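A short write-up of the structure that comes next.
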Amino acid sequence: IASQAPKRIKALDQDVVNKIAAGEIIVAPVHALKELIENAVDAGSTSLEIVVKDGGLKLLQITDNGHGINKDDLPILCERFTTSKLKAFEDLSSISTYGFRGEALASISHIAHLTITTKTADSSCAWRAHYADGKLALAKPGKSADPKPTAGRGGTQITVEDLFYNVLSRQKAFRSPSEEYAKILDVIGRYAVHCTGVAFSCKKHGDSAMGISTPSNASTVDCIRQIHGSAVANELINFEVSDDKWGFKASGWTTSANYHVKKTTILLFINHRAVESSAIKKAIEQTYSAFLPKGGHPFIYLSLDIDPQRVDVNVHPTKREVYFLNEDEIIESICAEISTRLSQVDTSRAFTTQS
Ligand code: ADP
Ligand code: MG
């Protein structure tokens, strides 16, 4: 048995490789949607309308009013590493748009049926194209795969159907569409708060009631009120802190010591991408523990701009957990500022009740 000859090593099929790569970027419908939201915002949209069916597994559709996509770019749009946002490796250091690796649409095309309808300002009509496995695909057998002219308004509509239809292991991982829908509403809510000037709406396919709807002229606090309620919105303190030495600028809204709930809510954006940072969460909770009763937690919206050369958003293919240089120093400055603001509000309240 020990002297068994080794099996020969062979390359995986490209198709398998593509599906593996796609599965690393898009683990759940919400990850596809996040990429689509970022693309729409990158395109200068002021309105994003989202429709979801079966928690996004059956349908994810996002309609924006951004600058659209040139018809001539449609054939390569869904190839891996095609992007309008990055030209040279050096650009990586100065990139300020959200996703920039040209992988989102490619990934989606490998694991779903993807249809894109888009119209630029200088085109007299919209163009519709279907994609499969990174390439233009036939709408129906026997028809041409070329983009078709169609009526449509300026902007782009992306329709993702039957997500994971060819990844059986993934399909089994989803127990409830409503759980997936909740994650979708959560991420849309984050971008609605962050992207002031952009209207967001989301509903289930066939429903008339909106799951989320925020107008483009709503302020940050308006959006927080709409999505998280007045109990949070009425207790928000604005903060701002920056330090050239560490190359960062942070601002946001955080709840006063009058508000506390069982679990911390952090809406964290780093360079305009919704991300997670366990280091930041821990430090914020630590800061609040001096102000809140035991077991009480805050709500905070924190937008952190860091010199792009200091951020490493590409460490993980999902780009959800982010790391940056001088993390400790930056987090310390932010928490010190929040702490100061919390004590100020505390003393001013105490003062008013005494007088
Ligand atoms: P990336 O965002 O990293 O460039 P994507 O695969 O997400 O890669 O998108 C590829 C390209 O398709 C983008 O660079 C952009 O030019 C174009 N694109 C995607 N979505 C939109 C949209 N909603 N509006 C306009 N252009 C878009
Ligand atoms: Mg993108």
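Letters A, B, ... mark the chains of the structure tokens in the order given; residue numbers begin at 1 per chain; ligand numbers begin at 1, in order shown.
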
Any idea what's packed within 8 Å of Phe200 of chain A, counting only C-alpha atoms, ignoring anything in its chain fewer than 6 positions away? Could you give it as JSON, numbers by chain?
{"A": [47, 48, 49, 50, 188, 192, 212, 213, 214, 215, 216]}

Kindly export the residues of the current selection with C-alpha atoms, as a PDB file, in the first residue's frame.
```pdb
ATOM      1  CA  SER A  47     -31.294  56.810  -7.420  1.00  0.00           C
ATOM      2  CA  LEU A  48     -31.030  53.062  -6.803  1.00  0.00           C
ATOM      3  CA  GLU A  49     -34.112  50.883  -7.023  1.00  0.00           C
ATOM      4  CA  ILE A  50     -33.753  47.308  -5.868  1.00  0.00           C
ATOM      5  CA  ILE A 188     -28.914  48.674   1.684  1.00  0.00           C
ATOM      6  CA  ALA A 192     -28.567  54.632   2.392  1.00  0.00           C
ATOM      7  CA  ILE A 212     -36.633  50.459   2.539  1.00  0.00           C
ATOM      8  CA  SER A 213     -37.171  53.817   0.944  1.00  0.00           C
ATOM      9  CA  THR A 214     -35.027  56.868   1.531  1.00  0.00           C
ATOM     10  CA  PRO A 215     -35.252  60.032  -0.579  1.00  0.00           C
ATOM     11  CA  SER A 216     -32.179  61.637  -2.154  1.00  0.00           C
TER      12      SER A 216
END
```

If DSSP is run on the backbone, what residues of segment 41-208 of chain A are alpha helix (DSSP H)? A reply as a compact mmCIF listing (two decimals) with C-alpha atoms, in the first residue's frame would be ideal.
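Okay, out_18.txt is ready:
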```txt
# COMPACT_ATOMS: atom_id res chain seq x y z
CA VAL A 41 -22.81 54.58 -6.76
CA ASP A 42 -19.46 54.65 -8.59
CA ALA A 104 -17.82 41.38 -9.45
CA LEU A 105 -19.74 41.11 -12.69
CA ALA A 106 -17.49 38.31 -13.93
CA SER A 107 -18.13 36.34 -10.75
CA ILE A 108 -21.86 36.84 -10.92
CA SER A 109 -21.95 35.69 -14.55
CA HIS A 110 -20.38 32.36 -13.55
CA ILE A 111 -22.97 31.50 -10.94
CA LEU A 168 -25.50 22.87 -5.60
CA SER A 169 -23.47 22.98 -2.39
CA ARG A 170 -24.24 26.70 -2.07
CA GLN A 171 -27.94 26.29 -2.71
CA LYS A 172 -28.17 23.89 0.20
CA PRO A 177 -35.06 33.45 2.06
CA SER A 178 -36.23 35.83 4.76
CA GLU A 179 -32.85 35.58 6.50
CA GLU A 180 -31.15 36.50 3.23
CA TYR A 181 -33.63 39.32 2.66
CA ALA A 182 -32.84 40.69 6.13
CA LYS A 183 -29.13 40.75 5.26
CA ILE A 184 -29.97 42.53 2.02
CA LEU A 185 -32.02 45.20 3.80
CA ASP A 186 -29.19 45.61 6.30
CA VAL A 187 -26.61 46.35 3.64
CA ILE A 188 -28.91 48.67 1.68
CA GLY A 189 -29.67 50.51 4.94
CA ARG A 190 -25.95 51.02 5.50
CA TYR A 191 -25.41 52.53 2.06
CA ALA A 192 -28.57 54.63 2.39
CA VAL A 193 -27.15 56.22 5.55
CA HIS A 194 -23.70 56.69 4.07
```

Residues within 12 Å of ligand 2 should be enumerated using only C-alpha atoms and all ligand atoms and returned as a PyMOL selection string.
chain A and resi 25+31-43+77-78+80-86+97-108+273+319

The selected residues should be written to file as a tab-separated table (two decimals), in the first residue's frame (atoms: N, CA and C atoms).
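Contents of result38.tsv, as written:
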```tsv
chain	number	residue	atom	x	y	z
A	25	ILE	N	-15.96	35.19	-3.69
A	25	ILE	CA	-16.38	36.59	-3.65
A	25	ILE	C	-17.84	36.68	-3.25
A	31	HIS	N	-23.84	39.57	-0.96
A	31	HIS	CA	-22.51	39.96	-1.44
A	31	HIS	C	-22.55	40.42	-2.89
A	32	ALA	N	-23.42	39.76	-3.68
A	32	ALA	CA	-23.60	40.21	-5.06
A	32	ALA	C	-24.22	41.60	-5.05
A	33	LEU	N	-25.22	41.76	-4.22
A	33	LEU	CA	-25.92	43.05	-4.19
A	33	LEU	C	-24.99	44.18	-3.76
A	34	LYS	N	-24.15	43.91	-2.77
A	34	LYS	CA	-23.23	44.95	-2.30
A	34	LYS	C	-22.34	45.43	-3.45
A	35	GLU	N	-21.82	44.50	-4.23
A	35	GLU	CA	-20.99	44.88	-5.38
A	35	GLU	C	-21.79	45.71	-6.38
A	36	LEU	N	-23.06	45.33	-6.59
A	36	LEU	CA	-23.88	46.06	-7.55
A	36	LEU	C	-24.21	47.47	-7.06
A	37	ILE	N	-24.43	47.59	-5.75
A	37	ILE	CA	-24.68	48.92	-5.18
A	37	ILE	C	-23.44	49.79	-5.36
A	38	GLU	N	-22.28	49.24	-5.05
A	38	GLU	CA	-21.05	50.01	-5.17
A	38	GLU	C	-20.83	50.44	-6.62
A	39	ASN	N	-21.09	49.55	-7.56
A	39	ASN	CA	-20.96	49.91	-8.98
A	39	ASN	C	-21.90	51.06	-9.34
A	40	ALA	N	-23.14	50.98	-8.87
A	40	ALA	CA	-24.13	52.00	-9.20
A	40	ALA	C	-23.73	53.35	-8.61
A	41	VAL	N	-23.23	53.33	-7.39
A	41	VAL	CA	-22.81	54.58	-6.76
A	41	VAL	C	-21.57	55.13	-7.47
A	42	ASP	N	-20.64	54.24	-7.82
A	42	ASP	CA	-19.46	54.65	-8.59
A	42	ASP	C	-19.86	55.34	-9.89
A	43	ALA	N	-20.98	54.90	-10.47
A	43	ALA	CA	-21.43	55.45	-11.75
A	43	ALA	C	-22.14	56.79	-11.60
A	77	LEU	N	-17.45	43.26	-20.79
A	77	LEU	CA	-17.88	43.73	-19.46
A	77	LEU	C	-17.73	42.68	-18.36
A	78	CYS	N	-18.08	41.43	-18.68
A	78	CYS	CA	-18.10	40.42	-17.62
A	78	CYS	C	-16.89	39.50	-17.64
A	80	ARG	N	-13.18	38.49	-16.50
A	80	ARG	CA	-12.50	38.73	-15.24
A	80	ARG	C	-11.43	39.81	-15.41
A	81	PHE	N	-11.30	40.67	-14.41
A	81	PHE	CA	-10.32	41.75	-14.41
A	81	PHE	C	-10.53	42.76	-15.53
A	82	THR	N	-11.77	42.97	-15.97
A	82	THR	CA	-12.03	44.12	-16.82
A	82	THR	C	-12.69	45.18	-15.96
A	83	THR	N	-12.17	46.39	-16.03
A	83	THR	CA	-12.64	47.45	-15.16
A	83	THR	C	-12.36	48.80	-15.81
A	84	SER	N	-13.19	49.79	-15.48
A	84	SER	CA	-12.90	51.14	-15.95
A	84	SER	C	-12.24	51.94	-14.83
A	85	LYS	N	-11.91	51.24	-13.74
A	85	LYS	CA	-11.48	51.98	-12.54
A	85	LYS	C	-10.00	51.82	-12.20
A	86	LEU	N	-9.27	51.08	-12.99
A	86	LEU	CA	-7.90	50.79	-12.62
A	86	LEU	C	-7.11	50.51	-13.90
A	97	THR	N	-12.41	54.83	-5.78
A	97	THR	CA	-13.72	54.22	-5.99
A	97	THR	C	-13.79	52.92	-5.18
A	98	TYR	N	-14.95	52.33	-5.11
A	98	TYR	CA	-15.18	51.23	-4.18
A	98	TYR	C	-14.46	49.94	-4.61
A	99	GLY	N	-15.13	49.15	-5.39
A	99	GLY	CA	-14.48	47.92	-5.85
A	99	GLY	C	-13.59	48.33	-7.01
A	100	PHE	N	-12.53	47.62	-7.24
A	100	PHE	CA	-11.70	48.06	-8.36
A	100	PHE	C	-10.99	46.90	-9.00
A	101	ARG	N	-11.43	45.71	-8.75
A	101	ARG	CA	-10.68	44.59	-9.30
A	101	ARG	C	-11.34	43.99	-10.53
A	102	GLY	N	-12.46	44.56	-10.92
A	102	GLY	CA	-13.12	44.06	-12.12
A	102	GLY	C	-13.56	42.62	-12.02
A	103	GLU	N	-13.94	42.20	-10.82
A	103	GLU	CA	-14.29	40.80	-10.63
A	103	GLU	C	-15.75	40.55	-10.32
A	104	ALA	N	-16.46	41.60	-9.94
A	104	ALA	CA	-17.82	41.38	-9.45
A	104	ALA	C	-18.74	40.83	-10.54
A	105	LEU	N	-18.83	41.56	-11.64
A	105	LEU	CA	-19.74	41.11	-12.69
A	105	LEU	C	-19.31	39.77	-13.27
A	106	ALA	N	-18.00	39.60	-13.43
A	106	ALA	CA	-17.49	38.31	-13.93
A	106	ALA	C	-17.95	37.19	-13.00
A	107	SER	N	-17.75	37.37	-11.71
A	107	SER	CA	-18.13	36.34	-10.75
A	107	SER	C	-19.60	36.02	-10.85
A	108	ILE	N	-20.42	37.07	-10.88
A	108	ILE	CA	-21.86	36.84	-10.92
A	108	ILE	C	-22.24	36.05	-12.17
A	273	ARG	N	-16.53	52.26	1.56
A	273	ARG	CA	-16.99	50.88	1.40
A	273	ARG	C	-17.47	50.39	2.77
A	319	LYS	N	-13.27	41.17	0.86
A	319	LYS	CA	-13.06	42.57	1.23
A	319	LYS	C	-13.98	43.02	2.37
```

List the neighbours of segment 324-326 of chain A out to 8 Å using only C-alpha atoms; skip same-chain residues closer than 4 positions along the sequence, and give me the result as a PDB file with N, CA and C atoms, in the first residue's frame.
```pdb
ATOM      1  N   TRP A 246      -1.294  60.391  10.858  1.00  0.00           N
ATOM      2  CA  TRP A 246      -1.726  59.017  10.575  1.00  0.00           C
ATOM      3  C   TRP A 246      -2.514  58.930   9.281  1.00  0.00           C
ATOM      4  N   ARG A 310      -2.471  53.377   2.736  1.00  0.00           N
ATOM      5  CA  ARG A 310      -2.327  52.742   4.044  1.00  0.00           C
ATOM      6  C   ARG A 310      -3.364  51.657   4.302  1.00  0.00           C
ATOM      7  N   VAL A 311      -4.329  51.528   3.375  1.00  0.00           N
ATOM      8  CA  VAL A 311      -5.389  50.532   3.585  1.00  0.00           C
ATOM      9  C   VAL A 311      -5.108  49.294   2.765  1.00  0.00           C
ATOM     10  N   ASP A 312      -5.396  48.180   3.323  1.00  0.00           N
ATOM     11  CA  ASP A 312      -5.270  46.939   2.587  1.00  0.00           C
ATOM     12  C   ASP A 312      -6.654  46.314   2.488  1.00  0.00           C
ATOM     13  N   ILE A 330      -4.964  55.255  15.151  1.00  0.00           N
ATOM     14  CA  ILE A 330      -6.173  55.845  14.565  1.00  0.00           C
ATOM     15  C   ILE A 330      -7.395  55.531  15.419  1.00  0.00           C
TER      16      ILE A 330
END
```

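Atom to atom, atom 14 (O, counted along the ligand's line) of ligand 1 and atom CA of Val16 of chain A stand 24.3 Å apart.
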
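The closest residue to Ala28 of chain A, picked from A:Gly142, A:Gly206, A:Gly56, A:Pro298 and counting only C-alpha atoms, is A:Gly56.
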
Among segment 145-348 of chain A, which ones does DSSP place in strand (DSSP E), written as a VMD selection string?
chain A and resid 148 to 150 155 to 161 199 to 204 212 to 214 236 to 243 248 to 255 265 to 270 273 to 274 299 to 306 311 to 312 323 to 324
